[in-house]
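For reference, upload_33.cif (mmCIF, C-alpha atoms and all ligand atoms):
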```cif
data_input
loop_
_atom_site.label_atom_id
_atom_site.label_comp_id
_atom_site.auth_asym_id
_atom_site.auth_seq_id
_atom_site.Cartn_x
_atom_site.Cartn_y
_atom_site.Cartn_z
CA MET A 1 3.28 20.85 10.93
CA LYS A 2 2.03 17.92 13.00
CA VAL A 3 1.47 14.76 10.95
CA VAL A 4 -0.32 11.72 12.38
CA VAL A 5 0.30 8.45 10.56
CA THR A 6 -2.06 5.59 11.35
CA GLY A 7 -0.41 2.25 10.63
CA GLY A 8 2.92 4.02 11.19
CA SER A 9 4.70 0.76 11.91
CA GLY A 10 3.65 -0.69 8.57
CA PHE A 11 5.61 -0.63 5.36
CA ILE A 12 4.12 2.51 3.79
CA GLY A 13 3.39 4.18 7.14
CA SER A 14 7.02 3.91 8.28
CA HIS A 15 8.19 5.68 5.11
CA VAL A 16 5.61 8.42 5.56
CA CYS A 17 6.84 8.92 9.15
CA GLU A 18 10.50 8.94 8.10
CA HIS A 19 9.92 11.42 5.28
CA PHE A 20 7.89 13.99 7.20
CA ALA A 21 10.15 13.75 10.25
CA SER A 22 13.22 14.30 8.05
CA LEU A 23 11.66 17.66 7.05
CA GLY A 24 11.43 18.64 10.73
CA ASN A 25 7.69 18.03 11.18
CA ALA A 26 6.33 16.58 14.42
CA VAL A 27 5.19 13.07 13.52
CA VAL A 28 3.03 10.68 15.52
CA ALA A 29 3.11 7.04 14.43
CA TYR A 30 -0.09 5.39 15.62
CA ASP A 31 -0.27 1.59 15.29
CA ASN A 32 -1.73 -1.37 17.18
CA LEU A 33 1.13 -3.59 15.94
CA SER A 34 -1.36 -6.17 14.67
CA ARG A 35 0.64 -6.80 11.51
CA ALA A 36 3.80 -7.39 13.51
CA SER A 37 2.06 -9.92 15.78
CA LEU A 38 0.43 -11.64 12.82
CA LEU A 39 3.76 -12.09 11.07
CA GLN A 40 5.37 -13.25 14.27
CA LYS A 41 2.65 -15.87 14.71
CA LYS A 42 2.35 -17.02 11.10
CA GLU A 43 5.90 -16.72 9.87
CA GLY A 44 7.98 -16.50 13.03
CA LYS A 45 9.49 -13.25 11.75
CA ASN A 46 10.71 -10.30 13.74
CA SER A 47 8.67 -7.57 12.13
CA GLN A 48 8.63 -5.17 15.06
CA SER A 49 11.78 -3.78 13.51
CA ASN A 50 9.85 -0.95 11.81
CA TRP A 51 8.54 0.16 15.22
CA GLU A 52 12.05 -0.04 16.67
CA PHE A 53 13.33 1.94 13.68
CA LEU A 54 10.77 4.70 14.24
CA LYS A 55 11.87 5.01 17.85
CA THR A 56 15.37 5.95 16.65
CA LEU A 57 14.09 8.88 14.56
CA ARG A 58 14.10 12.48 15.73
CA HIS A 59 10.68 14.16 15.66
CA VAL A 60 8.78 10.84 15.72
CA LYS A 61 6.59 9.84 18.66
CA THR A 62 5.26 6.29 18.68
CA VAL A 63 1.82 5.62 20.17
CA ARG A 64 0.46 2.11 20.37
CA GLY A 65 -3.28 2.17 19.74
CA SER A 66 -6.04 1.03 17.45
CA THR A 67 -8.10 3.03 14.99
CA LEU A 68 -11.03 1.23 16.62
CA ASP A 69 -10.31 3.06 19.89
CA TYR A 70 -11.97 6.36 19.02
CA SER A 71 -11.11 8.33 22.14
CA LYS A 72 -7.41 7.47 21.96
CA LEU A 73 -7.33 8.19 18.25
CA LYS A 74 -9.05 11.52 18.78
CA SER A 75 -6.59 12.51 21.49
CA VAL A 76 -3.60 12.06 19.15
CA MET A 77 -5.34 13.74 16.22
CA ASP A 78 -6.74 16.75 18.01
CA ASP A 79 -4.04 19.22 16.98
CA ALA A 80 -2.88 17.51 13.77
CA ASP A 81 -2.40 19.41 10.51
CA ALA A 82 -2.31 16.31 8.33
CA ILE A 83 -3.38 12.72 8.83
CA VAL A 84 -2.06 9.95 6.62
CA HIS A 85 -4.31 6.95 7.15
CA THR A 86 -2.48 3.78 6.17
CA ALA A 87 -3.75 1.41 8.92
CA ALA A 88 -5.73 -1.45 7.46
CA GLN A 89 -6.35 -5.13 7.17
CA THR A 90 -4.41 -5.47 3.93
CA ALA A 91 -4.81 -9.03 2.61
CA VAL A 92 -7.58 -10.07 0.21
CA THR A 93 -7.16 -13.67 1.42
CA THR A 94 -7.76 -12.73 5.08
CA SER A 95 -10.82 -10.71 4.09
CA LEU A 96 -12.30 -13.88 2.61
CA THR A 97 -11.77 -15.97 5.75
CA ASP A 98 -12.44 -13.20 8.30
CA PRO A 99 -14.65 -10.55 6.67
CA ARG A 100 -15.74 -9.10 10.03
CA THR A 101 -12.24 -8.10 11.07
CA ASP A 102 -11.68 -6.73 7.58
CA PHE A 103 -14.91 -4.70 7.78
CA ASN A 104 -14.17 -3.35 11.24
CA THR A 105 -10.57 -2.39 10.55
CA ASN A 106 -11.06 -0.95 7.09
CA LEU A 107 -14.48 0.65 7.27
CA LEU A 108 -15.09 1.47 10.94
CA GLY A 109 -11.39 2.31 11.43
CA THR A 110 -11.53 4.80 8.55
CA PHE A 111 -14.82 6.25 9.78
CA ASN A 112 -13.20 6.86 13.18
CA VAL A 113 -10.26 8.61 11.51
CA LEU A 114 -12.66 10.87 9.59
CA GLU A 115 -14.73 11.65 12.68
CA ALA A 116 -11.59 12.46 14.67
CA ALA A 117 -10.48 14.76 11.83
CA ARG A 118 -13.90 16.42 11.56
CA ASN A 119 -13.98 17.08 15.29
CA ALA A 120 -10.39 18.27 15.56
CA GLU A 121 -9.97 22.00 16.12
CA SER A 122 -6.96 22.11 13.82
CA ASN A 123 -9.02 21.10 10.75
CA PRO A 124 -6.47 18.58 9.40
CA CYS A 125 -6.38 17.23 5.87
CA VAL A 126 -6.69 13.46 5.42
CA VAL A 127 -4.79 11.27 2.98
CA PHE A 128 -6.27 7.80 2.55
CA CYS A 129 -4.50 4.71 1.19
CA SER A 130 -7.12 3.17 -1.06
CA THR A 131 -6.51 0.41 -3.57
CA ASN A 132 -7.00 -0.55 -7.20
CA LYS A 133 -9.17 -3.40 -5.87
CA VAL A 134 -12.03 -0.87 -5.65
CA TYR A 135 -12.55 -1.47 -9.39
CA GLY A 136 -13.07 -5.19 -8.79
CA GLU A 137 -12.93 -7.81 -11.50
CA SER A 138 -14.24 -5.68 -14.35
CA VAL A 139 -10.69 -4.43 -15.00
CA ASN A 140 -10.22 -7.89 -16.54
CA GLU A 141 -12.59 -6.96 -19.35
CA VAL A 142 -9.99 -4.74 -20.98
CA GLU A 143 -8.69 -6.65 -23.98
CA ILE A 144 -5.21 -8.07 -23.57
CA THR A 145 -2.65 -9.87 -25.65
CA GLU A 146 -0.12 -12.57 -24.68
CA LYS A 147 3.59 -12.10 -25.26
CA LYS A 148 6.51 -14.40 -24.52
CA ARG A 149 7.08 -13.39 -20.90
CA ARG A 150 4.18 -11.06 -20.15
CA TYR A 151 0.63 -10.05 -20.93
CA ALA A 152 -0.05 -6.56 -22.30
CA TYR A 153 -3.05 -4.42 -23.12
CA ALA A 154 -4.11 -5.15 -26.70
CA ASP A 155 -4.43 -1.44 -27.52
CA PRO A 156 -0.90 -0.03 -27.30
CA LYS A 157 -2.37 3.48 -26.83
CA PHE A 158 -4.34 2.47 -23.71
CA LYS A 159 -2.57 4.17 -20.81
CA GLY A 160 -4.09 2.08 -18.06
CA ILE A 161 -7.09 2.16 -15.72
CA PRO A 162 -8.32 5.73 -15.09
CA GLU A 163 -10.23 7.05 -12.05
CA THR A 164 -13.41 7.16 -14.19
CA PHE A 165 -13.40 3.36 -14.55
CA SER A 166 -16.67 2.05 -13.13
CA ILE A 167 -16.77 0.72 -9.58
CA ASP A 168 -20.24 -0.73 -10.27
CA ARG A 169 -21.37 -3.95 -11.94
CA SER A 170 -18.12 -5.56 -10.89
CA LYS A 171 -17.35 -8.45 -8.58
CA HIS A 172 -15.40 -7.38 -5.51
CA THR A 173 -13.91 -9.21 -2.56
CA PRO A 174 -14.71 -8.25 1.06
CA TYR A 175 -11.38 -6.35 1.05
CA GLY A 176 -12.41 -4.52 -2.15
CA CYS A 177 -15.76 -3.64 -0.57
CA SER A 178 -14.39 -2.41 2.75
CA LYS A 179 -11.76 -0.28 1.03
CA LEU A 180 -14.29 1.07 -1.48
CA GLY A 181 -16.73 1.95 1.31
CA ALA A 182 -13.94 3.76 3.13
CA ASP A 183 -12.81 5.45 -0.11
CA LEU A 184 -16.34 6.88 -0.64
CA TYR A 185 -16.59 8.05 2.97
CA VAL A 186 -13.26 9.87 2.62
CA GLN A 187 -14.54 11.65 -0.50
CA ASP A 188 -17.85 12.43 1.15
CA TYR A 189 -16.27 14.03 4.21
CA ALA A 190 -14.81 16.57 1.80
CA HIS A 191 -18.17 17.25 0.13
CA THR A 192 -20.37 17.17 3.24
CA TYR A 193 -18.10 18.55 5.94
CA GLY A 194 -15.52 20.51 3.96
CA LEU A 195 -12.50 18.48 5.13
CA ARG A 196 -9.58 18.43 2.71
CA THR A 197 -9.21 14.78 1.71
CA ALA A 198 -7.40 12.66 -0.86
CA VAL A 199 -7.90 9.08 -1.93
CA PHE A 200 -4.94 7.28 -3.48
CA ARG A 201 -6.03 4.09 -5.27
CA MET A 202 -2.74 2.27 -5.28
CA SER A 203 -1.59 -0.72 -7.29
CA CYS A 204 1.71 -2.34 -6.19
CA ILE A 205 3.93 -0.36 -3.88
CA TYR A 206 7.31 -1.83 -2.97
CA GLY A 207 10.52 -0.90 -1.16
CA PRO A 208 12.66 -1.44 1.93
CA ARG A 209 10.94 -2.28 5.24
CA GLN A 210 8.27 -4.26 3.38
CA PHE A 211 7.63 -7.62 5.03
CA GLY A 212 6.03 -9.15 1.95
CA VAL A 213 4.30 -12.49 2.31
CA GLU A 214 2.65 -14.68 -0.29
CA ASP A 215 -0.71 -12.99 0.34
CA GLN A 216 0.42 -9.40 0.13
CA GLY A 217 3.46 -7.42 -0.99
CA TRP A 218 4.49 -9.74 -3.83
CA VAL A 219 7.61 -7.88 -5.01
CA ALA A 220 9.14 -8.09 -1.52
CA TRP A 221 7.90 -11.66 -1.13
CA PHE A 222 9.84 -12.78 -4.22
CA VAL A 223 13.00 -10.95 -3.13
CA ILE A 224 12.83 -12.43 0.39
CA ALA A 225 12.04 -15.93 -0.91
CA ASN A 226 14.97 -15.91 -3.31
CA LEU A 227 17.46 -14.67 -0.73
CA THR A 228 16.28 -17.07 1.96
CA GLY A 229 15.88 -20.08 -0.35
CA THR A 230 12.14 -20.30 0.41
CA PRO A 231 10.05 -22.10 -2.25
CA VAL A 232 7.56 -19.94 -4.16
CA THR A 233 4.35 -20.90 -5.95
CA ILE A 234 3.38 -19.08 -9.12
CA TYR A 235 -0.40 -19.05 -9.46
CA GLY A 236 -1.12 -19.00 -13.19
CA ASP A 237 1.73 -18.69 -15.65
CA GLY A 238 3.81 -15.84 -14.21
CA LYS A 239 3.10 -13.53 -17.14
CA GLN A 240 0.83 -11.34 -14.98
CA VAL A 241 1.85 -7.69 -15.24
CA ARG A 242 1.57 -4.91 -12.68
CA ASP A 243 2.72 -1.33 -12.60
CA VAL A 244 4.94 -1.03 -9.56
CA LEU A 245 5.80 2.12 -7.62
CA PHE A 246 8.75 2.69 -5.33
CA VAL A 247 7.50 3.72 -1.90
CA LYS A 248 9.46 6.99 -1.75
CA ASP A 249 7.79 8.14 -4.97
CA LEU A 250 4.42 7.41 -3.37
CA VAL A 251 5.27 9.51 -0.31
CA ARG A 252 6.18 12.44 -2.58
CA ALA A 253 2.68 12.26 -4.07
CA TYR A 254 1.13 12.39 -0.58
CA GLU A 255 3.29 15.39 0.25
CA ALA A 256 2.29 17.14 -2.98
CA PHE A 257 -1.37 16.79 -2.04
CA ILE A 258 -0.84 17.94 1.56
CA ASN A 259 0.98 21.05 0.32
CA SER A 260 -1.63 21.82 -2.34
CA ASP A 261 -4.95 23.59 -1.97
CA ILE A 262 -6.93 20.79 -3.63
CA ARG A 263 -10.12 20.17 -1.66
CA CYS A 264 -10.87 16.59 -2.69
CA GLY A 265 -8.53 14.44 -4.76
CA VAL A 266 -9.00 10.92 -6.13
CA TYR A 267 -5.94 9.46 -7.81
CA ASN A 268 -4.95 6.15 -9.32
CA MET A 269 -1.45 5.61 -8.13
CA GLY A 270 1.25 3.27 -9.36
CA GLY A 271 4.35 3.24 -11.49
CA GLY A 272 2.20 3.77 -14.60
CA ALA A 273 2.93 2.37 -18.06
CA LYS A 274 6.66 3.13 -17.80
CA ASN A 275 7.20 1.07 -14.65
CA THR A 276 5.74 -2.37 -15.17
CA THR A 277 6.99 -5.90 -14.64
CA SER A 278 5.67 -9.42 -15.00
CA ILE A 279 6.37 -12.02 -12.31
CA LEU A 280 8.71 -13.89 -14.67
CA GLU A 281 10.65 -10.72 -15.51
CA LEU A 282 10.99 -9.79 -11.85
CA MET A 283 12.24 -13.27 -11.00
CA SER A 284 14.92 -13.09 -13.71
CA LEU A 285 16.07 -9.73 -12.40
CA ILE A 286 16.40 -11.03 -8.84
CA GLU A 287 18.20 -14.20 -10.00
CA SER A 288 20.67 -12.10 -11.99
CA TRP A 289 21.74 -10.36 -8.76
CA SER A 290 21.72 -13.30 -6.35
CA MET A 291 22.97 -15.90 -8.85
CA ARG A 292 20.51 -18.21 -7.12
CA LYS A 293 17.59 -19.89 -8.89
CA PHE A 294 14.11 -19.71 -7.37
CA LYS A 295 12.61 -22.95 -6.04
CA THR A 296 9.43 -22.66 -8.07
CA SER A 297 6.21 -24.62 -8.39
CA TYR A 298 3.04 -23.67 -10.26
CA GLY A 299 -0.56 -23.54 -8.98
CA ASN A 300 -3.95 -22.73 -10.49
CA TRP A 301 -4.93 -19.14 -11.23
CA ARG A 302 -6.35 -17.49 -8.13
CA ALA A 303 -9.94 -16.21 -8.25
CA GLY A 304 -10.10 -12.66 -9.55
CA ASP A 305 -6.39 -12.42 -10.37
CA GLN A 306 -5.77 -9.77 -12.99
CA LYS A 307 -3.58 -10.66 -15.98
CA VAL A 308 -2.63 -7.03 -16.42
CA TYR A 309 -3.20 -4.06 -14.16
CA ILE A 310 -1.62 -0.74 -15.01
CA SER A 311 -2.72 2.54 -13.40
CA ASP A 312 -3.32 5.56 -15.59
CA ILE A 313 -1.43 8.13 -13.53
CA THR A 314 -2.16 11.12 -15.76
CA LYS A 315 -4.47 12.79 -13.23
CA ALA A 316 -1.96 12.57 -10.37
CA SER A 317 0.82 13.77 -12.67
CA GLU A 318 -1.18 16.80 -13.80
CA GLU A 319 -2.89 17.85 -10.57
CA LEU A 320 -0.01 17.11 -8.21
CA ASN A 321 2.80 17.89 -10.64
CA TRP A 322 4.21 14.49 -9.78
CA SER A 323 5.74 11.56 -11.60
CA PRO A 324 7.65 8.46 -10.50
CA LYS A 325 11.40 9.02 -10.38
CA VAL A 326 12.66 5.57 -9.44
CA GLY A 327 12.57 2.92 -12.17
CA VAL A 328 11.85 -0.76 -11.53
CA GLU A 329 15.43 -2.00 -11.61
CA LYS A 330 16.79 0.71 -9.31
CA GLY A 331 13.93 0.45 -6.83
CA VAL A 332 13.91 -3.34 -6.62
CA LYS A 333 17.69 -3.28 -6.14
CA GLU A 334 17.21 -1.02 -3.12
CA LEU A 335 14.65 -3.44 -1.68
CA TYR A 336 16.95 -6.36 -2.49
CA GLU A 337 19.90 -4.73 -0.67
CA TRP A 338 17.73 -4.02 2.38
CA VAL A 339 16.66 -7.68 2.58
CA ARG A 340 20.26 -8.84 2.06
CA LYS A 341 21.63 -6.57 4.79
CA ASN A 342 18.85 -7.49 7.21
CA ALA A 343 18.95 -11.26 6.72
CA ASP A 344 18.44 -11.82 10.45
CA LEU A 345 14.93 -10.36 10.23
CA PHE A 346 13.93 -13.09 7.81
CA LYS A 347 15.21 -16.05 9.77
CA SER A 348 12.50 -18.00 11.58
CA GLN A 349 12.71 -17.05 15.27
N1 LIG A 401 1.50 -2.13 -0.21
C1 LIG A 401 0.74 -2.05 -1.28
O1 LIG A 401 1.16 -2.43 -2.37
C2 LIG A 401 -0.67 -1.48 -1.20
C3 LIG A 401 -1.46 -1.46 -2.35
C4 LIG A 401 -2.74 -0.92 -2.28
C5 LIG A 401 -3.22 -0.40 -1.10
N2 LIG A 401 -2.44 -0.46 0.02
C6 LIG A 401 -2.97 0.13 1.26
O2 LIG A 401 -1.94 0.89 1.87
C7 LIG A 401 -2.05 0.83 3.29
C8 LIG A 401 -0.72 0.42 3.91
O3 LIG A 401 -0.30 -0.82 3.37
P1 LIG A 401 1.07 -1.49 3.82
O4 LIG A 401 1.54 -2.30 2.68
O5 LIG A 401 1.97 -0.48 4.43
O6 LIG A 401 0.53 -2.50 4.93
P2 LIG A 401 1.18 -2.93 6.35
O7 LIG A 401 0.42 -4.15 6.77
O8 LIG A 401 2.65 -3.02 6.24
O9 LIG A 401 0.80 -1.71 7.29
C9 LIG A 401 -0.46 -1.55 7.89
C10 LIG A 401 -0.24 -1.20 9.34
O10 LIG A 401 -1.51 -0.92 9.94
C11 LIG A 401 -1.49 -1.45 11.26
N3 LIG A 401 -2.88 -1.67 11.69
C12 LIG A 401 -3.75 -2.60 11.26
N4 LIG A 401 -4.92 -2.46 11.87
C13 LIG A 401 -4.80 -1.40 12.71
C14 LIG A 401 -5.68 -0.74 13.60
N5 LIG A 401 -6.95 -1.16 13.77
N6 LIG A 401 -5.22 0.31 14.30
C15 LIG A 401 -3.94 0.76 14.16
N7 LIG A 401 -3.07 0.17 13.31
C16 LIG A 401 -3.50 -0.89 12.60
C17 LIG A 401 -0.70 -2.73 11.15
O11 LIG A 401 -0.17 -3.16 12.41
C18 LIG A 401 0.40 -2.32 10.17
O12 LIG A 401 1.54 -1.86 10.85
C19 LIG A 401 -3.21 -0.10 3.57
O13 LIG A 401 -4.35 0.70 3.78
C20 LIG A 401 -3.38 -0.90 2.30
O14 LIG A 401 -4.71 -1.32 2.12
C21 LIG A 401 -1.17 -0.99 0.00
#
```
Could I get this file's structure written as structure tokens?
Ligand SMILES: NC(=O)c1ccc[n+]([C@@H]2O[C@H](COP(=O)([O-])OP(=O)(O)OC[C@H]3O[C@@H](n4cnc5c(N)ncnc54)[C@H](O)[C@@H]3O)[C@@H](O)[C@H]2O)c1
Amino acid sequence: MKVVVTGGSGFIGSHVCEHFASLGNAVVAYDNLSRASLLQKKEGKNSQSNWEFLKTLRHVKTVRGSTLDYSKLKSVMDDADAIVHTAAQTAVTTSLTDPRTDFNTNLLGTFNVLEAARNAESNPCVVFCSTNKVYGESVNEVEITEKKRRYAYADPKFKGIPETFSIDRSKHTPYGCSKLGADLYVQDYAHTYGLRTAVFRMSCIYGPRQFGVEDQGWVAWFVIANLTGTPVTIYGDGKQVRDVLFVKDLVRAYEAFINSDIRCGVYNMGGGAKNTTSILELMSLIESWSMRKFKTSYGNWRAGDQKVYISDITKASEELNWSPKVGVEKGVKELYEWVRKNADLFKSQ
């Protein structure tokens, strides 16, 4: 099988490449390295290491290019069997200050991927990395209760946000809109053109090779900050809860879809109710390993921040015969060890 991974140099993309290459598939990692340059500029970090890592893998070919360059994209996708589209502008904050770049990358970039797939002779399936942000702020209307170190859903039987949750009558951000538009296009290319497509609406994915920053990738951001002695700001009270999913579990779900005969899948994707953590709980866990206290300050709640978000993963579990295997403590420890062993990557250059 030939698998093309847009955003291959990114956190999730690099794991998709590694996994499919390890099974002997021919993998093309397609990335414009915009994230690496952004991190280099903003944080002075050497984040080209994922690209360098990919170059060491058998069966992986790296191609530098943008999803906005249709002819180049089409040339790498022409004989693909599966496309995993991870490339995106990923930060809500950036989408607020630069909505045009967000729109172009997330909506036009995805449209180009779909057109390249539709016009490819090999009739590839397309897996799209969508987000829980497509539901917007109305997820905050679910009743919650406050506990000592975390918030929780008031109804203990509520399993989390299902795919049937409304995307309408909800406030979104430009990021939420561009991803939602792309999400609908991906579904529609299955209905209108008969492509096999899947949308994964992901909550918090974490793991090694994640260059988390304050704006995006919070689990990695807290691990990196603790190990490098960088101050962190908690916006709100730190009791916010998310379901978190280890990246290798996510890649197994993608693989399950690719190997299935499902024509069009839409899945909420996260660790589910069994794999949740609050910020305060995660910080305690990290401190217990490093024996180093966080340098913490508190700021106001950020607009639209959710007190609790947990994905209902029943549909993915049933249709894809999938469930998360890696629990929070084990997965975060793996991320923690990666950051510890790669301390040089997190020094300012
Ligand atoms: N990490 C999460 O928790 C999470 C949660 C929800 C959704 N997502 C989605 O998953 C996907 C991957 O996220 P990630 O955390 O791996 O992000 P990432 O920033 O690590 O990876 C994205 C990659 O896409 C590349 N890229 C950006 N614009 C491009 C373009 N025009 N052409 C080619 N490459 C381009 C970047 O250089 C980067 O390497 C994104 O679509 C994101 O919206 C991630």
**OP:** Enumerate residues in contact with ligand LIG 401 (chain A): an atom-to-atom distance of at most 6 Å, counting all atoms listed in the file. Format the result as a ChimeraX atom specification.
**Re:** /A:6-7,9-13,31-36,65-68,86-90,105,129-131,202-205,217
Subject >> Using only C-alpha atoms: which of A:Tyr185, A:Phe211, A:Trp51, A:Trp301 has the shortest distance to A:Cys17 >> reply: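 Closest to A:Cys17 of all the choices is A:Trp51.
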Original post:
In Å, with one decimal, what is the gap from atom CA of A:Ala273 to atom CA of A:Lys159?
Top reply: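 Result for atom CA of A:Ala273 versus atom CA of A:Lys159: 6.4 Å, one decimal.
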Subject >> Residue with smallest distance to A:Lys295 - pool A:Leu73, A:Val251, A:Leu335, A:Ile234, counting only C-alpha atoms >> reply: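 The closest residue to A:Lys295 is A:Ile234.
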Original post:
Excluding same-chain residues fewer than 5 positions from A:Leu227, what lies within 8 Å of it counting all atoms listed in the file, as a list in words?
Top reply: Ser290, Arg292, Val339 and Arg340 of chain A
Subject >> Protein and nucleic acid residues near (10.8, 19.1, 5.9) (cut-off 12 Å, only C-alpha atoms) as a ChimeraX atom specification >> reply: /A:1-3,16-27,59,252,255,259
**OP:** Find, counting all atoms listed in the file, the residue in A:Thr233, A:Ser49, A:Thr276, A:Ser37 that gets nearest to A:Pro208.
**Re:**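 Of A:Thr233, A:Ser49, A:Thr276, A:Ser37, the one nearest A:Pro208 is A:Ser49, counting all atoms listed in the file.
Of the listed residues A:Gln306, A:Thr228, A:Gln40, A:Ser14, the one whose atoms come nearest to A:Val60 is A:Ser14, with distances taken using all atoms listed in the file.
Closest approach to A:Glu319 among A:Asn106, A:Thr97, A:Ser138, A:Asn268: A:Asn268, based on all atoms listed in the file.
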**OP:** Could you give me, as number ranges by chain, the residues within 9 Å of A:Glu214, counting all atoms listed in the file and dropping anything in the same chain fewer than 5 positions from it?
**Re:** A: 221-222, 232-233
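Using only C-alpha atoms, the nearest neighbour of A:Arg118 within the list A:Thr101, A:Thr145, A:Thr197, A:Thr93 is A:Thr197.
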Subject >> Expected answer as a ChimeraX atom specification: all residues with atoms within 10 Å of (-3.8, 11.6, 9.1), all atoms listed in the file >> reply: /A:2-6,28-30,77,80-86,113-114,116-117,124-128,197
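What separates atom CA of A:Met291 from atom CA of A:Asn226 is a distance of 9.7 Å.
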**OP:** Skip A:Gly271 itself and residues of its chain fewer than 6 positions away, then list as a list in words all residues within 7 Å of it, counting only C-alpha atoms.
**Re:**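 Here the answer would be Asp243, Val244, Leu245 and Pro324 of chain A.
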